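Student: Dropping a structure here in structure tokens format, bear with me for questions.
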Amino acid sequence: MKDKVNEIQISYKERVPATFWKKINSSQDASELLYEHWNKNTIELQESFKVVLLNNSNKVKGIYQLSQGGITGTMIDLRILFAVVLKTLSVAIILTHNHPSGKLIPSEADKKITEKIKKAAALFDVKVLDHLIIIPNGEYYSFADNSIL
């Protein structure tokens, strides 16, 4: 066993053909898709953080839930985020999380993590197109639309 090493295999399976992928043209397109796929039983109970993975035509490759936290926050591990982004060969992402409280105002922590992710994404030539905050009634706040991205 002295010179043995583990084999690493990375895989990603596309189960939905690319011709059926939804194209994101606006923050509203993204928010509607995300709200449709959010668990309505937990959206007003605890925060979750998700990432929308996009190809070069802004078509959705998938949505990945990075974390589920408590009532007022959730943790984001950048290593897991970028493992998913790189594994799926995504070239752009949209970040999103919910505010169970129904407040559409980003916190300082929301702004800081967005900036941190944006800087890390630049190292991989991945664009962060937006960060959406979604509340239980389906309304949303867009960092891009409000010029803070």
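Chain labels run A, B, ... following the order of the structure tokens; each chain numbers its residues from 1, and ligands are numbered from 1 in the order shown.
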Would you list the contacts of Ile148 of chain A as an MDAnalysis selection string, taking every protein, DNA or RNA residue within 12 Å and counting only C-alpha atoms, but skipping same-chain residues closer than 4 positions in sequence?
Tutor: chainID A and resid 105:106 108 110:112 114:115 118 129:132 141:144
Student: Keeping only all heavy atoms, write those residues as a compact mmCIF listing (two decimals), in the first residue's frame.
Tutor:
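Result saved to out-v9.txt:
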```
# COMPACT_ATOMS: atom_id res chain seq x y z
N ILE A 105 -34.56 43.62 1.95
CA ILE A 105 -33.37 44.46 2.06
C ILE A 105 -32.17 43.55 2.34
O ILE A 105 -32.19 42.78 3.30
CB ILE A 105 -33.53 45.50 3.19
CG1 ILE A 105 -34.74 46.39 2.89
CG2 ILE A 105 -32.26 46.31 3.37
CD1 ILE A 105 -35.17 47.24 4.06
N PRO A 106 -31.11 43.63 1.51
CA PRO A 106 -29.93 42.81 1.77
C PRO A 106 -29.19 43.28 3.01
O PRO A 106 -29.05 44.49 3.24
CB PRO A 106 -29.09 42.98 0.52
CG PRO A 106 -29.54 44.25 -0.10
CD PRO A 106 -30.97 44.44 0.30
N GLU A 108 -25.69 43.45 5.48
CA GLU A 108 -24.26 43.67 5.19
C GLU A 108 -23.59 42.32 4.91
O GLU A 108 -22.72 42.23 4.04
CB GLU A 108 -23.56 44.40 6.34
CG GLU A 108 -23.83 45.89 6.36
CD GLU A 108 -23.49 46.58 5.03
OE1 GLU A 108 -22.37 46.39 4.50
OE2 GLU A 108 -24.35 47.31 4.51
N ASP A 110 -25.01 39.75 3.51
CA ASP A 110 -25.40 39.39 2.14
C ASP A 110 -24.49 40.08 1.13
O ASP A 110 -24.04 39.47 0.16
CB ASP A 110 -26.86 39.79 1.85
CG ASP A 110 -27.88 39.01 2.66
OD1 ASP A 110 -27.56 37.92 3.18
OD2 ASP A 110 -29.02 39.52 2.78
N LYS A 111 -24.24 41.36 1.35
CA LYS A 111 -23.39 42.13 0.44
C LYS A 111 -21.95 41.62 0.44
O LYS A 111 -21.32 41.50 -0.61
CB LYS A 111 -23.43 43.61 0.80
CG LYS A 111 -24.78 44.26 0.57
CD LYS A 111 -24.79 45.70 1.08
CE LYS A 111 -26.16 46.32 0.99
NZ LYS A 111 -26.20 47.67 1.58
N LYS A 112 -21.44 41.29 1.64
CA LYS A 112 -20.05 40.83 1.75
C LYS A 112 -19.84 39.48 1.08
O LYS A 112 -18.86 39.28 0.37
CB LYS A 112 -19.63 40.77 3.22
CG LYS A 112 -19.37 42.12 3.84
CD LYS A 112 -18.96 42.01 5.28
CE LYS A 112 -18.77 43.39 5.88
NZ LYS A 112 -18.46 43.34 7.33
N THR A 114 -21.58 38.20 -1.30
CA THR A 114 -21.73 38.39 -2.75
C THR A 114 -20.42 38.89 -3.36
O THR A 114 -19.97 38.40 -4.39
CB THR A 114 -22.88 39.37 -3.05
OG1 THR A 114 -24.07 38.87 -2.46
CG2 THR A 114 -23.08 39.56 -4.54
N GLU A 115 -19.81 39.86 -2.71
CA GLU A 115 -18.55 40.41 -3.20
C GLU A 115 -17.44 39.36 -3.15
O GLU A 115 -16.63 39.25 -4.08
CB GLU A 115 -18.15 41.65 -2.39
CG GLU A 115 -17.00 42.42 -2.96
CD GLU A 115 -17.21 42.91 -4.40
OE1 GLU A 115 -18.36 43.24 -4.77
OE2 GLU A 115 -16.22 42.95 -5.16
N LYS A 118 -18.05 36.93 -5.96
CA LYS A 118 -17.76 37.58 -7.24
C LYS A 118 -16.25 37.62 -7.51
O LYS A 118 -15.81 37.33 -8.63
CB LYS A 118 -18.34 38.99 -7.22
CG LYS A 118 -18.29 39.71 -8.55
CD LYS A 118 -18.95 41.06 -8.45
CE LYS A 118 -18.67 41.90 -9.67
NZ LYS A 118 -19.17 43.26 -9.54
N LEU A 129 -23.97 36.86 -12.40
CA LEU A 129 -24.92 37.75 -13.07
C LEU A 129 -25.84 38.48 -12.10
O LEU A 129 -26.29 39.59 -12.38
CB LEU A 129 -25.76 36.96 -14.08
CG LEU A 129 -24.98 36.28 -15.20
CD1 LEU A 129 -25.94 35.55 -16.13
CD2 LEU A 129 -24.14 37.29 -15.97
N ASP A 130 -26.14 37.84 -10.97
CA ASP A 130 -27.08 38.46 -10.03
C ASP A 130 -27.04 37.70 -8.71
O ASP A 130 -26.50 36.60 -8.63
CB ASP A 130 -28.50 38.45 -10.59
CG ASP A 130 -29.39 39.58 -10.06
OD1 ASP A 130 -29.04 40.19 -9.02
OD2 ASP A 130 -30.42 39.85 -10.69
N HIS A 131 -27.61 38.33 -7.71
CA HIS A 131 -27.89 37.68 -6.43
C HIS A 131 -29.31 38.11 -6.08
O HIS A 131 -29.59 39.30 -5.97
CB HIS A 131 -26.90 38.13 -5.36
CG HIS A 131 -27.09 37.43 -4.05
ND1 HIS A 131 -26.10 37.42 -3.10
CD2 HIS A 131 -28.13 36.74 -3.51
CE1 HIS A 131 -26.53 36.74 -2.04
NE2 HIS A 131 -27.77 36.32 -2.27
N LEU A 132 -30.20 37.13 -5.98
CA LEU A 132 -31.60 37.42 -5.69
C LEU A 132 -31.94 37.02 -4.26
O LEU A 132 -31.51 35.98 -3.78
CB LEU A 132 -32.51 36.64 -6.64
CG LEU A 132 -32.35 36.89 -8.13
CD1 LEU A 132 -33.26 35.95 -8.92
CD2 LEU A 132 -32.64 38.32 -8.48
N TYR A 141 -35.68 40.66 -4.54
CA TYR A 141 -34.77 41.79 -4.61
C TYR A 141 -33.60 41.34 -5.47
O TYR A 141 -33.04 40.27 -5.24
CB TYR A 141 -34.28 42.19 -3.22
CG TYR A 141 -33.30 43.33 -3.22
CD1 TYR A 141 -33.72 44.63 -3.08
CD2 TYR A 141 -31.93 43.08 -3.36
CE1 TYR A 141 -32.81 45.68 -3.07
CE2 TYR A 141 -31.01 44.12 -3.37
CZ TYR A 141 -31.47 45.42 -3.23
OH TYR A 141 -30.56 46.46 -3.23
N SER A 142 -33.22 42.13 -6.45
CA SER A 142 -32.11 41.82 -7.34
C SER A 142 -30.94 42.76 -7.07
O SER A 142 -31.10 43.98 -7.16
CB SER A 142 -32.56 41.96 -8.80
OG SER A 142 -31.44 42.04 -9.65
N PHE A 143 -29.78 42.20 -6.75
CA PHE A 143 -28.58 43.01 -6.57
C PHE A 143 -28.22 43.72 -7.87
O PHE A 143 -27.83 44.88 -7.85
CB PHE A 143 -27.40 42.13 -6.13
CG PHE A 143 -27.40 41.76 -4.67
CD1 PHE A 143 -28.50 41.19 -4.06
CD2 PHE A 143 -26.26 41.97 -3.91
CE1 PHE A 143 -28.46 40.84 -2.71
CE2 PHE A 143 -26.23 41.62 -2.56
CZ PHE A 143 -27.34 41.06 -1.96
N ALA A 144 -28.35 43.03 -9.00
CA ALA A 144 -27.99 43.62 -10.30
C ALA A 144 -28.92 44.77 -10.65
O ALA A 144 -28.48 45.84 -11.08
CB ALA A 144 -28.02 42.55 -11.39
```
Student: If you run DSSP on this backbone, which residues of chain A come out as alpha helix (DSSP H), and could you give them as a PyMOL selection string?
Tutor: chain A and resi 27-37+78-87+108-123
Student: With N, CA and C atoms retained, export the selected residues as a compact mmCIF listing (two decimals), in the first residue's frame.
Tutor:
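out.txt was written with the following content:
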```txt
# COMPACT_ATOMS: atom_id res chain seq x y z
N SER A 27 -33.89 39.38 -14.29
CA SER A 27 -34.01 38.95 -12.89
C SER A 27 -35.39 38.36 -12.63
N GLN A 28 -36.39 38.86 -13.32
CA GLN A 28 -37.74 38.32 -13.13
C GLN A 28 -37.82 36.87 -13.62
N ASP A 29 -37.20 36.58 -14.77
CA ASP A 29 -37.15 35.20 -15.26
C ASP A 29 -36.54 34.28 -14.21
N ALA A 30 -35.42 34.72 -13.65
CA ALA A 30 -34.72 33.90 -12.64
C ALA A 30 -35.56 33.74 -11.39
N SER A 31 -36.18 34.82 -10.92
CA SER A 31 -36.95 34.75 -9.68
C SER A 31 -38.17 33.84 -9.84
N GLU A 32 -38.82 33.89 -11.00
CA GLU A 32 -39.98 33.03 -11.24
C GLU A 32 -39.58 31.56 -11.25
N LEU A 33 -38.47 31.25 -11.91
CA LEU A 33 -37.98 29.87 -11.94
C LEU A 33 -37.62 29.39 -10.54
N LEU A 34 -36.91 30.22 -9.80
CA LEU A 34 -36.49 29.84 -8.46
C LEU A 34 -37.68 29.67 -7.52
N TYR A 35 -38.61 30.59 -7.56
CA TYR A 35 -39.78 30.50 -6.68
C TYR A 35 -40.59 29.24 -6.99
N GLU A 36 -40.70 28.93 -8.27
CA GLU A 36 -41.43 27.73 -8.70
C GLU A 36 -40.80 26.46 -8.11
N HIS A 37 -39.45 26.46 -7.99
CA HIS A 37 -38.74 25.28 -7.50
C HIS A 37 -38.41 25.34 -6.01
N LEU A 78 -17.44 28.33 0.06
CA LEU A 78 -17.03 28.66 -1.31
C LEU A 78 -16.41 27.46 -2.04
N ARG A 79 -15.77 26.59 -1.30
CA ARG A 79 -15.15 25.42 -1.95
C ARG A 79 -16.21 24.52 -2.56
N ILE A 80 -17.32 24.34 -1.85
CA ILE A 80 -18.41 23.51 -2.39
C ILE A 80 -19.07 24.23 -3.57
N LEU A 81 -19.31 25.54 -3.42
CA LEU A 81 -19.91 26.32 -4.50
C LEU A 81 -19.11 26.16 -5.78
N PHE A 82 -17.80 26.36 -5.71
CA PHE A 82 -17.00 26.32 -6.93
C PHE A 82 -16.71 24.90 -7.41
N ALA A 83 -16.78 23.92 -6.53
CA ALA A 83 -16.71 22.53 -6.98
C ALA A 83 -17.90 22.23 -7.89
N VAL A 84 -19.07 22.71 -7.50
CA VAL A 84 -20.29 22.50 -8.30
C VAL A 84 -20.21 23.29 -9.61
N VAL A 85 -19.79 24.54 -9.53
CA VAL A 85 -19.70 25.39 -10.74
C VAL A 85 -18.71 24.77 -11.74
N LEU A 86 -17.56 24.35 -11.26
CA LEU A 86 -16.56 23.79 -12.17
C LEU A 86 -16.96 22.40 -12.67
N LYS A 87 -17.56 21.60 -11.82
CA LYS A 87 -17.99 20.26 -12.22
C LYS A 87 -19.01 20.32 -13.35
N GLU A 108 -25.69 43.45 5.48
CA GLU A 108 -24.26 43.67 5.19
C GLU A 108 -23.59 42.32 4.91
N ALA A 109 -24.01 41.27 5.63
CA ALA A 109 -23.45 39.93 5.39
C ALA A 109 -23.79 39.46 3.98
N ASP A 110 -25.01 39.75 3.51
CA ASP A 110 -25.40 39.39 2.14
C ASP A 110 -24.49 40.08 1.13
N LYS A 111 -24.24 41.36 1.35
CA LYS A 111 -23.39 42.13 0.44
C LYS A 111 -21.95 41.62 0.44
N LYS A 112 -21.44 41.29 1.64
CA LYS A 112 -20.05 40.83 1.75
C LYS A 112 -19.84 39.48 1.08
N ILE A 113 -20.77 38.54 1.29
CA ILE A 113 -20.59 37.22 0.68
C ILE A 113 -20.73 37.32 -0.83
N THR A 114 -21.58 38.20 -1.30
CA THR A 114 -21.73 38.39 -2.75
C THR A 114 -20.42 38.89 -3.36
N GLU A 115 -19.81 39.86 -2.71
CA GLU A 115 -18.55 40.41 -3.20
C GLU A 115 -17.44 39.36 -3.15
N LYS A 116 -17.41 38.58 -2.09
CA LYS A 116 -16.40 37.52 -1.95
C LYS A 116 -16.55 36.47 -3.06
N ILE A 117 -17.79 36.07 -3.33
CA ILE A 117 -18.05 35.08 -4.38
C ILE A 117 -17.70 35.66 -5.75
N LYS A 118 -18.05 36.93 -5.96
CA LYS A 118 -17.76 37.58 -7.24
C LYS A 118 -16.25 37.62 -7.51
N LYS A 119 -15.46 37.93 -6.49
CA LYS A 119 -13.99 37.96 -6.65
C LYS A 119 -13.44 36.58 -6.95
N ALA A 120 -13.93 35.57 -6.24
CA ALA A 120 -13.47 34.20 -6.47
C ALA A 120 -13.87 33.72 -7.87
N ALA A 121 -15.09 34.05 -8.29
CA ALA A 121 -15.58 33.64 -9.61
C ALA A 121 -14.71 34.21 -10.72
N ALA A 122 -14.24 35.42 -10.55
CA ALA A 122 -13.41 36.07 -11.56
C ALA A 122 -12.12 35.27 -11.83
N LEU A 123 -11.62 34.59 -10.80
CA LEU A 123 -10.41 33.78 -10.97
C LEU A 123 -10.65 32.61 -11.93
```
Student: To one decimal place, how far is atom CA of Ser57 of chain A from atom CA of Ser90 of chain A in Å?
Tutor: 10.6 Å
Student: Skipping near chain neighbours, those fewer than 6 positions away, what residues fall within 10 Å of Asn137 of chain A using only C-alpha atoms, listed as a PDB file with N, CA and C atoms, in the first residue's frame?
Tutor:
```
ATOM      1  N   TYR A  35     -38.610  30.585  -7.563  1.00  0.00           N
ATOM      2  CA  TYR A  35     -39.776  30.497  -6.678  1.00  0.00           C
ATOM      3  C   TYR A  35     -40.591  29.240  -6.992  1.00  0.00           C
ATOM      4  N   LYS A  40     -42.186  25.371  -0.759  1.00  0.00           N
ATOM      5  CA  LYS A  40     -43.084  26.341  -0.105  1.00  0.00           C
ATOM      6  C   LYS A  40     -43.329  25.997   1.363  1.00  0.00           C
ATOM      7  N   ILE A  43     -39.924  27.815   2.913  1.00  0.00           N
ATOM      8  CA  ILE A  43     -39.445  29.139   2.482  1.00  0.00           C
ATOM      9  C   ILE A  43     -39.624  30.208   3.562  1.00  0.00           C
ATOM     10  N   GLU A  44     -40.641  30.056   4.411  1.00  0.00           N
ATOM     11  CA  GLU A  44     -40.819  31.052   5.464  1.00  0.00           C
ATOM     12  C   GLU A  44     -40.356  30.559   6.834  1.00  0.00           C
ATOM     13  N   PRO A 100     -36.842  34.427   5.231  1.00  0.00           N
ATOM     14  CA  PRO A 100     -38.113  33.995   5.825  1.00  0.00           C
ATOM     15  C   PRO A 100     -38.906  35.143   6.444  1.00  0.00           C
ATOM     16  N   GLY A 102     -39.486  37.993   5.241  1.00  0.00           N
ATOM     17  CA  GLY A 102     -40.223  38.762   4.248  1.00  0.00           C
ATOM     18  C   GLY A 102     -39.580  40.102   3.930  1.00  0.00           C
TER      19      GLY A 102
END
```
Student: Would you kindly return, as a list in words, each protein, DNA or RNA residue with an atom no farther than 8 Å from any atom of Lys61 of chain A, considering only C-alpha atoms and excluding same-chain residues fewer than 4 positions away?
Tutor: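 So, after excluding close chain neighbours, the residues are Glu14, Ala18, Trp21, Val52, Leu53, Leu54, Asn55, Thr88 and Ser90 of chain A.
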Student: Can you spit out the residues from that selection as a compact mmCIF listing (two decimals), in the first residue's frame, using N, CA and C atoms?
Tutor:
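So the final result, stored in result10.txt, reads:
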```txt
# COMPACT_ATOMS: atom_id res chain seq x y z
N GLU A 14 -26.30 15.29 -17.44
CA GLU A 14 -27.39 16.13 -17.91
C GLU A 14 -28.57 15.21 -18.21
N ALA A 18 -30.42 19.88 -23.58
CA ALA A 18 -30.17 21.32 -23.65
C ALA A 18 -31.26 22.09 -24.38
N TRP A 21 -33.68 23.58 -21.88
CA TRP A 21 -33.20 24.44 -20.80
C TRP A 21 -33.84 25.81 -20.92
N VAL A 52 -27.93 29.13 -9.33
CA VAL A 52 -28.42 28.76 -10.65
C VAL A 52 -27.19 28.68 -11.55
N LEU A 53 -27.02 27.54 -12.20
CA LEU A 53 -25.85 27.28 -13.04
C LEU A 53 -26.25 27.49 -14.50
N LEU A 54 -25.47 28.32 -15.21
CA LEU A 54 -25.83 28.72 -16.57
C LEU A 54 -24.74 28.39 -17.58
N ASN A 55 -25.18 28.16 -18.81
CA ASN A 55 -24.22 27.98 -19.90
C ASN A 55 -23.93 29.34 -20.54
N THR A 88 -19.87 21.32 -13.31
CA THR A 88 -20.92 21.45 -14.33
C THR A 88 -20.47 22.26 -15.55
N SER A 90 -20.06 25.36 -15.82
CA SER A 90 -20.90 26.56 -15.95
C SER A 90 -20.02 27.77 -16.16
```
Student: Leaving out Leu66 of chain A and any residue of its chain fewer than 2 positions from it, which residues lie within 9 Å of it when counting only C-alpha atoms, given as a JSON list (two decimals) with all heavy atoms, in the first residue's frame?
Tutor:
```json
[["chain", "number", "residue", "atom", "x", "y", "z"],
["A", 48, "SER", "N", -32.27, 29.29, 2.99],
["A", 48, "SER", "CA", -31.54, 28.38, 2.12],
["A", 48, "SER", "C", -30.78, 29.22, 1.11],
["A", 48, "SER", "O", -31.22, 30.31, 0.75],
["A", 48, "SER", "CB", -32.50, 27.46, 1.36],
["A", 48, "SER", "OG", -33.21, 26.64, 2.24],
["A", 49, "PHE", "N", -29.65, 28.72, 0.67],
["A", 49, "PHE", "CA", -28.83, 29.41, -0.32],
["A", 49, "PHE", "C", -28.68, 28.48, -1.52],
["A", 49, "PHE", "O", -28.31, 27.32, -1.36],
["A", 49, "PHE", "CB", -27.45, 29.76, 0.25],
["A", 49, "PHE", "CG", -26.68, 30.74, -0.59],
["A", 49, "PHE", "CD1", -26.64, 32.07, -0.24],
["A", 49, "PHE", "CD2", -25.99, 30.32, -1.72],
["A", 49, "PHE", "CE1", -25.91, 32.99, -1.01],
["A", 49, "PHE", "CE2", -25.27, 31.23, -2.49],
["A", 49, "PHE", "CZ", -25.24, 32.56, -2.14],
["A", 50, "LYS", "N", -29.00, 28.98, -2.70],
["A", 50, "LYS", "CA", -28.94, 28.18, -3.92],
["A", 50, "LYS", "C", -28.14, 28.92, -4.99],
["A", 50, "LYS", "O", -27.98, 30.13, -4.92],
["A", 50, "LYS", "CB", -30.35, 27.90, -4.45],
["A", 50, "LYS", "CG", -31.23, 27.16, -3.45],
["A", 50, "LYS", "CD", -32.61, 26.91, -3.99],
["A", 50, "LYS", "CE", -33.47, 26.23, -2.94],
["A", 50, "LYS", "NZ", -34.70, 25.69, -3.49],
["A", 51, "VAL", "N", -27.71, 28.17, -5.98],
["A", 51, "VAL", "CA", -27.03, 28.76, -7.13],
["A", 51, "VAL", "C", -27.66, 28.21, -8.40],
["A", 51, "VAL", "O", -27.94, 27.02, -8.51],
["A", 51, "VAL", "CB", -25.50, 28.49, -7.09],
["A", 51, "VAL", "CG1", -25.19, 27.01, -7.12],
["A", 51, "VAL", "CG2", -24.79, 29.22, -8.22],
["A", 64, "TYR", "N", -28.67, 24.30, -7.76],
["A", 64, "TYR", "CA", -28.06, 23.51, -6.69],
["A", 64, "TYR", "C", -28.24, 24.23, -5.36],
["A", 64, "TYR", "O", -27.93, 25.41, -5.24],
["A", 64, "TYR", "CB", -26.56, 23.30, -6.97],
["A", 64, "TYR", "CG", -25.89, 22.43, -5.95],
["A", 64, "TYR", "CD1", -26.01, 21.04, -6.02],
["A", 64, "TYR", "CD2", -25.16, 22.98, -4.91],
["A", 64, "TYR", "CE1", -25.41, 20.23, -5.08],
["A", 64, "TYR", "CE2", -24.56, 22.17, -3.96],
["A", 64, "TYR", "CZ", -24.68, 20.80, -4.05],
["A", 64, "TYR", "OH", -24.08, 20.00, -3.11],
["A", 68, "GLN", "N", -28.70, 24.98, 3.86],
["A", 68, "GLN", "CA", -29.97, 25.28, 4.51],
["A", 68, "GLN", "C", -29.60, 25.60, 5.95],
["A", 68, "GLN", "O", -28.89, 24.82, 6.59],
["A", 68, "GLN", "CB", -30.91, 24.10, 4.42],
["A", 68, "GLN", "CG", -32.30, 24.42, 4.88],
["A", 68, "GLN", "CD", -33.31, 23.36, 4.45],
["A", 68, "GLN", "OE1", -32.96, 22.38, 3.83],
["A", 68, "GLN", "NE2", -34.55, 23.58, 4.79],
["A", 75, "MET", "N", -24.92, 29.26, 6.12],
["A", 75, "MET", "CA", -23.50, 29.33, 5.80],
["A", 75, "MET", "C", -23.26, 28.93, 4.35],
["A", 75, "MET", "O", -23.93, 28.03, 3.83],
["A", 75, "MET", "CB", -22.70, 28.38, 6.70],
["A", 75, "MET", "CG", -22.81, 28.71, 8.18],
["A", 75, "MET", "SD", -22.09, 30.30, 8.62],
["A", 75, "MET", "CE", -20.40, 30.05, 8.20],
["A", 76, "ILE", "N", -22.29, 29.57, 3.72],
["A", 76, "ILE", "CA", -21.91, 29.24, 2.35],
["A", 76, "ILE", "C", -20.44, 28.84, 2.35],
["A", 76, "ILE", "O", -19.59, 29.61, 2.79],
["A", 76, "ILE", "CB", -22.13, 30.43, 1.39],
["A", 76, "ILE", "CG1", -23.62, 30.76, 1.28],
["A", 76, "ILE", "CG2", -21.61, 30.11, 0.00],
["A", 76, "ILE", "CD1", -24.05, 31.85, 2.17],
["A", 77, "ASP", "N", -20.15, 27.66, 1.86],
["A", 77, "ASP", "CA", -18.77, 27.19, 1.74],
["A", 77, "ASP", "C", -18.36, 27.40, 0.28],
["A", 77, "ASP", "O", -18.87, 26.74, -0.63],
["A", 77, "ASP", "CB", -18.69, 25.71, 2.12],
["A", 77, "ASP", "CG", -17.25, 25.21, 2.21],
["A", 77, "ASP", "OD1", -16.41, 25.63, 1.38],
["A", 77, "ASP", "OD2", -16.96, 24.39, 3.10],
["A", 80, "ILE", "N", -17.32, 24.34, -1.85],
["A", 80, "ILE", "CA", -18.41, 23.51, -2.39],
["A", 80, "ILE", "C", -19.07, 24.23, -3.57],
["A", 80, "ILE", "O", -19.35, 23.63, -4.60],
["A", 80, "ILE", "CB", -19.44, 23.16, -1.30],
["A", 80, "ILE", "CG1", -18.79, 22.27, -0.25],
["A", 80, "ILE", "CG2", -20.66, 22.48, -1.91],
["A", 80, "ILE", "CD1", -19.64, 22.01, 0.97],
["A", 81, "LEU", "N", -19.31, 25.54, -3.42],
["A", 81, "LEU", "CA", -19.91, 26.32, -4.50],
["A", 81, "LEU", "C", -19.11, 26.16, -5.78],
["A", 81, "LEU", "O", -19.65, 25.82, -6.84],
["A", 81, "LEU", "CB", -19.99, 27.80, -4.12],
["A", 81, "LEU", "CG", -20.34, 28.77, -5.25],
["A", 81, "LEU", "CD1", -21.71, 28.49, -5.84],
["A", 81, "LEU", "CD2", -20.26, 30.21, -4.76]]
```
Student: Here is a test: counting only C-alpha atoms, which residue of A:Val128, A:Val5, A:Val16, A:Leu149 is nearest to Ala92 of chain A?
Tutor: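 Counting only C-alpha atoms, the residue closest to Ala92 of chain A is A:Val128.
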Student: For atom CA of Arg15 of chain A and atom CA of Val91 of chain A, determine how far apart the two atoms are, in Å to one decimal place.
Tutor: 19.0 Å
Student: For atom CA of Ile63 of chain A and atom CA of Lys22 of chain A, determine how far apart the two atoms are, in Å to one decimal place.
Tutor: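 It comes out at 11.6 Å.
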Student: Which of segment 3-112 of chain A counts as strand (DSSP E or B) under DSSP, as a ChimeraX atom specification please?
Tutor: /A:23,48-54,59-68,92-98
Student: Of the residues A:Ser26, A:Phe20, A:Gln65, A:Glu7, which is the one nearest to Asp145 of chain A, using only C-alpha atoms?
Tutor: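 Result for the nearest residue to Asp145 of chain A: A:Ser26.
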Student: Given the choices A:Asn6, A:Thr96, A:Thr42, A:Thr19, which gets closest to Ile133 of chain A if the distance is worked out from only C-alpha atoms?
Tutor: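 Selected residue with least distance to Ile133 of chain A: A:Thr96.
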